[in-house]
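Data from final_6.cif: mmCIF, C-alpha atoms
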data_run
loop_
_atom_site.label_atom_id
_atom_site.label_comp_id
_atom_site.auth_asym_id
_atom_site.auth_seq_id
_atom_site.Cartn_x
_atom_site.Cartn_y
_atom_site.Cartn_z
CA MET I 22 -46.95 -0.22 6.27
CA THR I 23 -45.37 2.73 8.10
CA THR I 24 -44.61 2.48 11.79
CA LYS I 25 -47.16 5.15 12.79
CA ILE I 26 -49.96 3.44 10.86
CA LYS I 27 -48.99 0.05 12.28
CA GLU I 28 -48.87 1.57 15.77
CA ARG I 29 -52.35 3.09 15.39
CA LYS I 30 -53.79 -0.19 14.09
CA LEU I 31 -52.29 -2.11 17.02
CA LEU I 32 -53.51 0.52 19.47
CA TYR I 33 -57.02 0.27 18.01
CA LEU I 34 -56.98 -3.52 18.49
CA VAL I 35 -55.78 -3.19 22.07
CA ARG I 36 -58.38 -0.59 22.99
CA THR I 37 -61.39 -2.10 21.23
CA LYS I 38 -60.76 -5.84 21.46
CA LYS I 39 -58.30 -5.95 24.42
CA ASP I 40 -55.98 -7.82 22.08
CA LYS I 41 -52.96 -9.05 24.06
CA GLN I 42 -51.05 -10.00 20.92
CA ALA I 43 -51.44 -6.48 19.55
CA PHE I 44 -50.10 -5.12 22.83
CA GLY I 45 -47.23 -7.62 22.54
CA SER I 46 -46.43 -6.14 19.14
CA LEU I 47 -46.45 -2.63 20.64
CA TYR I 48 -44.19 -3.97 23.38
CA ASP I 49 -41.77 -5.29 20.75
CA LEU I 50 -41.76 -1.90 19.00
CA TYR I 51 -41.00 0.07 22.16
CA VAL I 52 -39.24 -2.12 24.74
CA GLU I 53 -35.70 -1.24 23.66
CA LYS I 54 -36.50 2.46 23.35
CA ILE I 55 -38.17 2.64 26.76
CA TYR I 56 -35.38 0.62 28.39
CA ARG I 57 -32.77 2.96 26.89
CA PHE I 58 -34.74 6.02 28.05
CA VAL I 59 -35.03 4.62 31.58
CA TYR I 60 -31.41 3.47 31.68
CA PHE I 61 -30.14 6.94 30.78
CA LYS I 62 -32.09 8.30 33.73
CA ILE I 63 -31.43 5.56 36.30
CA ASN I 64 -27.94 4.25 35.42
CA ASN I 65 -28.66 0.84 36.90
CA LYS I 66 -29.36 -2.20 34.73
CA GLU I 67 -31.58 -4.13 37.15
CA GLU I 68 -33.63 -1.11 38.22
CA SER I 69 -34.02 -0.07 34.59
CA GLU I 70 -35.33 -3.52 33.68
CA ASP I 71 -37.81 -3.43 36.59
CA ILE I 72 -39.00 0.06 35.71
CA THR I 73 -39.36 -0.87 32.03
CA SER I 74 -41.60 -3.79 33.02
CA GLU I 75 -43.62 -1.51 35.27
CA VAL I 76 -44.04 0.99 32.43
CA PHE I 77 -45.62 -1.60 30.15
CA LEU I 78 -47.83 -2.99 32.93
CA LYS I 79 -49.12 0.47 33.84
CA THR I 80 -49.64 1.31 30.17
CA TRP I 81 -51.70 -1.86 29.67
CA ASN I 82 -53.78 -1.06 32.77
CA TYR I 83 -54.31 2.50 31.57
CA LEU I 84 -55.47 1.32 28.15
CA MET I 85 -57.87 -1.21 29.70
CA GLU I 86 -59.36 1.26 32.20
CA ASN I 87 -59.60 4.31 29.91
CA THR I 88 -61.11 2.98 26.70
CA GLU I 89 -63.26 6.09 26.24
CA LYS I 90 -60.44 8.64 26.48
CA GLU I 91 -58.99 9.78 23.17
CA LEU I 92 -55.38 8.80 22.67
CA THR I 93 -53.45 10.50 19.89
CA SER I 94 -50.15 8.68 20.20
CA PHE I 95 -48.99 5.47 21.90
CA SER I 96 -45.41 6.74 22.01
CA GLY I 97 -46.52 9.87 23.84
CA LEU I 98 -48.44 7.77 26.37
CA ILE I 99 -45.70 5.25 27.04
CA TYR I 100 -42.93 7.84 27.41
CA ARG I 101 -45.17 9.89 29.73
CA VAL I 102 -45.79 6.78 31.86
CA ALA I 103 -42.05 6.04 31.90
CA ARG I 104 -41.24 9.61 32.87
CA ASN I 105 -43.75 9.55 35.75
CA ILE I 106 -42.44 6.22 37.06
CA ILE I 107 -38.86 7.56 36.95
CA ILE I 108 -39.96 10.63 38.92
CA ASP I 109 -41.62 8.35 41.50
CA HIS I 110 -38.45 6.25 41.62
CA TYR I 111 -36.32 9.29 42.43
CA ARG I 112 -38.79 10.39 45.11
CA LYS I 113 -38.59 6.97 46.78
CA ARG I 114 -34.80 6.98 46.49
CA ALA I 115 -34.60 10.43 48.10
CA LYS I 116 -36.64 9.21 51.08
CA MET I 117 -34.36 6.19 51.52
CA GLN I 118 -31.18 8.34 51.59
CA GLU I 119 -29.27 5.70 49.67
CA VAL I 120 -25.48 5.91 49.48
CA THR I 121 -23.90 4.34 46.41
CA LEU I 122 -20.36 3.04 46.24
CA ASP I 123 -19.98 3.79 42.54
CA GLU I 124 -20.82 7.36 41.62
CA GLY I 125 -19.47 7.04 38.09
CA VAL I 126 -21.66 6.57 35.06
CA GLU I 127 -22.43 2.89 34.54
CA ILE I 128 -21.88 2.13 30.88
CA GLU I 129 -21.74 -1.38 29.52
CA ARG I 130 -18.38 -2.24 28.05
CA VAL I 131 -17.99 -3.03 24.38
CA SER I 132 -16.96 -6.66 24.11
CA ASP I 133 -14.81 -6.30 21.01
CA MET I 134 -12.76 -3.11 20.87
CA SER I 135 -10.43 -4.16 18.11
CA SER I 136 -10.06 -0.84 16.33
CA HIS I 137 -8.59 2.40 17.57
CA GLN I 138 -11.70 4.28 16.38
CA THR I 139 -13.99 2.12 18.52
CA VAL I 140 -11.95 2.98 21.61
CA GLU I 141 -12.07 6.69 20.77
CA ASP I 142 -15.82 6.54 20.12
CA LYS I 143 -16.38 4.75 23.42
CA TYR I 144 -14.29 7.34 25.27
CA ASP I 145 -16.20 10.20 23.61
CA MET I 146 -19.54 8.58 24.50
CA GLU I 147 -18.53 8.12 28.15
CA ARG I 148 -17.32 11.73 28.31
CA LEU I 149 -20.53 12.97 26.73
CA MET I 150 -22.70 10.98 29.15
CA ILE I 151 -20.78 12.41 32.11
CA LEU I 152 -21.42 15.92 30.76
CA VAL I 153 -25.11 15.21 30.12
CA LYS I 154 -25.47 13.97 33.71
CA LYS I 155 -24.20 17.37 34.90
CA LEU I 156 -27.11 19.15 33.21
CA LYS I 157 -30.32 19.85 35.03
CA GLN I 158 -33.06 17.23 34.72
CA ASP I 159 -35.18 19.11 32.13
CA TYR I 160 -32.20 19.48 29.82
CA GLN I 161 -31.18 15.83 30.17
CA GLU I 162 -34.68 14.69 29.38
CA VAL I 163 -35.20 16.69 26.19
CA LEU I 164 -31.71 15.86 24.90
CA ILE I 165 -32.26 12.13 25.41
CA LEU I 166 -35.72 12.20 23.86
CA LYS I 167 -34.53 14.22 20.86
CA HIS I 168 -31.09 12.80 20.11
CA VAL I 169 -31.17 9.29 21.53
CA GLU I 170 -34.81 8.34 21.10
CA GLU I 171 -35.10 10.46 17.94
CA LEU I 172 -38.56 11.79 18.79
CA SER I 173 -40.04 14.85 17.14
CA THR I 174 -40.43 18.12 19.01
CA ALA I 175 -44.22 17.64 19.02
CA GLU I 176 -43.87 14.17 20.57
CA ILE I 177 -41.48 15.50 23.21
CA ALA I 178 -43.91 18.33 23.98
CA GLU I 179 -46.69 15.80 24.53
CA ILE I 180 -44.48 13.67 26.80
CA VAL I 181 -43.21 16.51 29.01
CA GLY I 182 -46.46 18.47 28.98
CA LYS I 183 -45.06 21.64 27.41
CA SER I 184 -45.62 23.49 24.16
CA SER I 185 -43.48 22.73 21.11
CA VAL I 186 -41.96 26.21 21.33
CA SER I 187 -41.00 25.63 24.96
CA VAL I 188 -39.39 22.30 24.04
CA ARG I 189 -37.38 23.93 21.23
CA VAL I 190 -36.17 26.64 23.62
CA THR I 191 -35.23 24.02 26.23
CA LEU I 192 -33.36 21.98 23.60
CA HIS I 193 -31.47 25.07 22.45
CA ARG I 194 -30.52 25.99 26.02
CA ALA I 195 -29.53 22.40 26.80
CA MET I 196 -27.24 22.24 23.76
CA ASN I 197 -25.65 25.57 24.69
CA LYS I 198 -25.06 24.41 28.27
CA LEU I 199 -23.62 21.11 27.04
CA LYS I 200 -21.25 22.97 24.74
CA GLU I 201 -20.26 25.26 27.61
CA LEU I 202 -19.49 22.27 29.85
CA SER I 203 -17.55 20.62 27.04
CA ASP I 204 -15.46 23.73 26.49
CA GLN I 205 -14.58 23.88 30.20
CA GLN I 206 -12.92 20.46 30.06
#
Final C-alpha cells representation of the file:
Amino acid sequence: MTTKIKERKLLYLVRTKKDKQAFGSLYDLYVEKIYRFVYFKINNKEESEDITSEVFLKTWNYLMENTEKELTSFSGLIYRVARNIIIDHYRKRAKMQEVTLDEGVEIERVSDMSSHQTVEDKYDMERLMILVKKLKQDYQEVLILKHVEELSTAEIAEIVGKSSVSVRVTLHRAMNKLKELSDQQ
C-alpha cells in the first residue's frame, strides 16, 4: 500500500472513529520529518522536541474539533501547524529579548568519522547550513521543505499558503541567492 493511500486511510479512521492508534501510526510516519523541519528552524534540540510534541497535540485537537471540514492532505495540515507554532515561538522569543552565548549553527556531531569523505561531507553540510541561515525566512522554508523534507511544490504551496507558481519562483530565487552566497565565500 502506498504511503499516500495509507495516510488517507489512517486519517479517515482518526476523523470518523477518533482512532488513537491510527493517529499513532500517522505520528510514526511524520515525527522524524516534523522534528527535522522544526530543528532546521529553531537550532535547539530541546526546544525542537517540545515544539514537535506541541505540533502533534495541536493537530490531534484540530482533527477532533473540525471533523466536518474537508482535509485534502495530512502532511499539508501538520506542516502548516508546525510552521505556525514556529512563527509563534519566534514572536515569543522576540518579546523576551533573549541573548544566546552560542550564535553558531548547532549541528549534532557524527560519532564515527573514520573516513576522509565523511569529514568533508560534514564540513560541506555545516557550511551549507550556515549559508541557508543567511537567507531570508521564506527562502529557508521552501528550500528545507523541498530539498530536506522532499515535498512536492503543490504540498509546499498548501503549507505556506501560496500558489504553486509562487513557490516555484521562490525556490528559484532561493537557489540563486544560495549560489550567490556560496560564490562569495
Legend entry - Using all atoms listed in the file: which of I:Val188, I:Met150, I:Leu50, I:Val163 has the shortest distance to Ala175 of chain I: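 Among I:Val188, I:Met150, I:Leu50, I:Val163, it is I:Val188 that comes nearest to Ala175 of chain I.
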Legend entry - Picked residues, the PyMOL selection byres ((chain I and resi 156) around 12), as a ChimeraX atom specification: /I:62,149-155,157-165,191-192,194-203
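Among I:Arg101, I:Ile26, I:Ser46, I:Met117, the residue with the shortest atom-to-atom distance to Lys183 of chain I, counting only C-alpha atoms, is I:Arg101.
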Inset, instruction - With the file shown as input, list the residues that the PyMOL selection byres ((chain I and resi 76-90) around 7) selects, as a ChimeraX atom specification. - result: /I:36,72-75,91-92,99,102-103
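The gap separating atom CA of Lys66 of chain I from atom CA of Ala115 of chain I is 19.1 Å, in Å to one decimal.
Among the candidate residues I:Leu98, I:Met146, I:Val169, I:Leu31, the one lying nearest to Arg57 of chain I is I:Val169, with distances computed using only C-alpha atoms.
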Inset, instruction - Just give me the gap between atom CA of Thr93 of chain I and atom CA of Ile177 of chain I in Å, one decimal is fine. - result: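 According to the coordinates, atom CA of Thr93 of chain I and atom CA of Ile177 of chain I are separated by 13.4 Å.
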Legend entry - Selection: 10 Å around Lys54 of chain I, only C-alpha atoms, excl. self and same-chain fewer than 2 positions, as a ChimeraX atom specification: /I:49-52,56-60,73,96,100,166,169-171
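Atom CA of Leu32 of chain I is found 10.7 Å from atom CA of Gly45 of chain I.
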Around all of segment 68-76 of chain I's listed atoms, make the axis-aligned box with 3 Å on each side and tell me centre and edge lengths in Å to one decimal, as JSON.
{"center_x": -38.8, "center_y": -1.4, "center_z": 35.1, "size_x": 16.4, "size_y": 10.8, "size_z": 12.2}
Inset, instruction - Counting all atoms listed in the file, figure out which residue out of I:Phe61, I:Ile106, I:Val35, I:Ser69 gets nearest to Glu147 of chain I. - result: I:Phe61
Legend entry - Top pick for closest residue to Thr174 of chain I, considering I:Gly97, I:Asp109, I:Leu34, I:Gln206 and counting only C-alpha atoms: I:Gly97
Legend entry - Selection: 10 Å around Lys25 of chain I, all atoms listed in the file, excl. self and same-chain fewer than 3 positions, as a list in words: Met22, Glu28, Arg29, Lys30, Leu31, Ser94, Phe95 and Ser96 of chain I
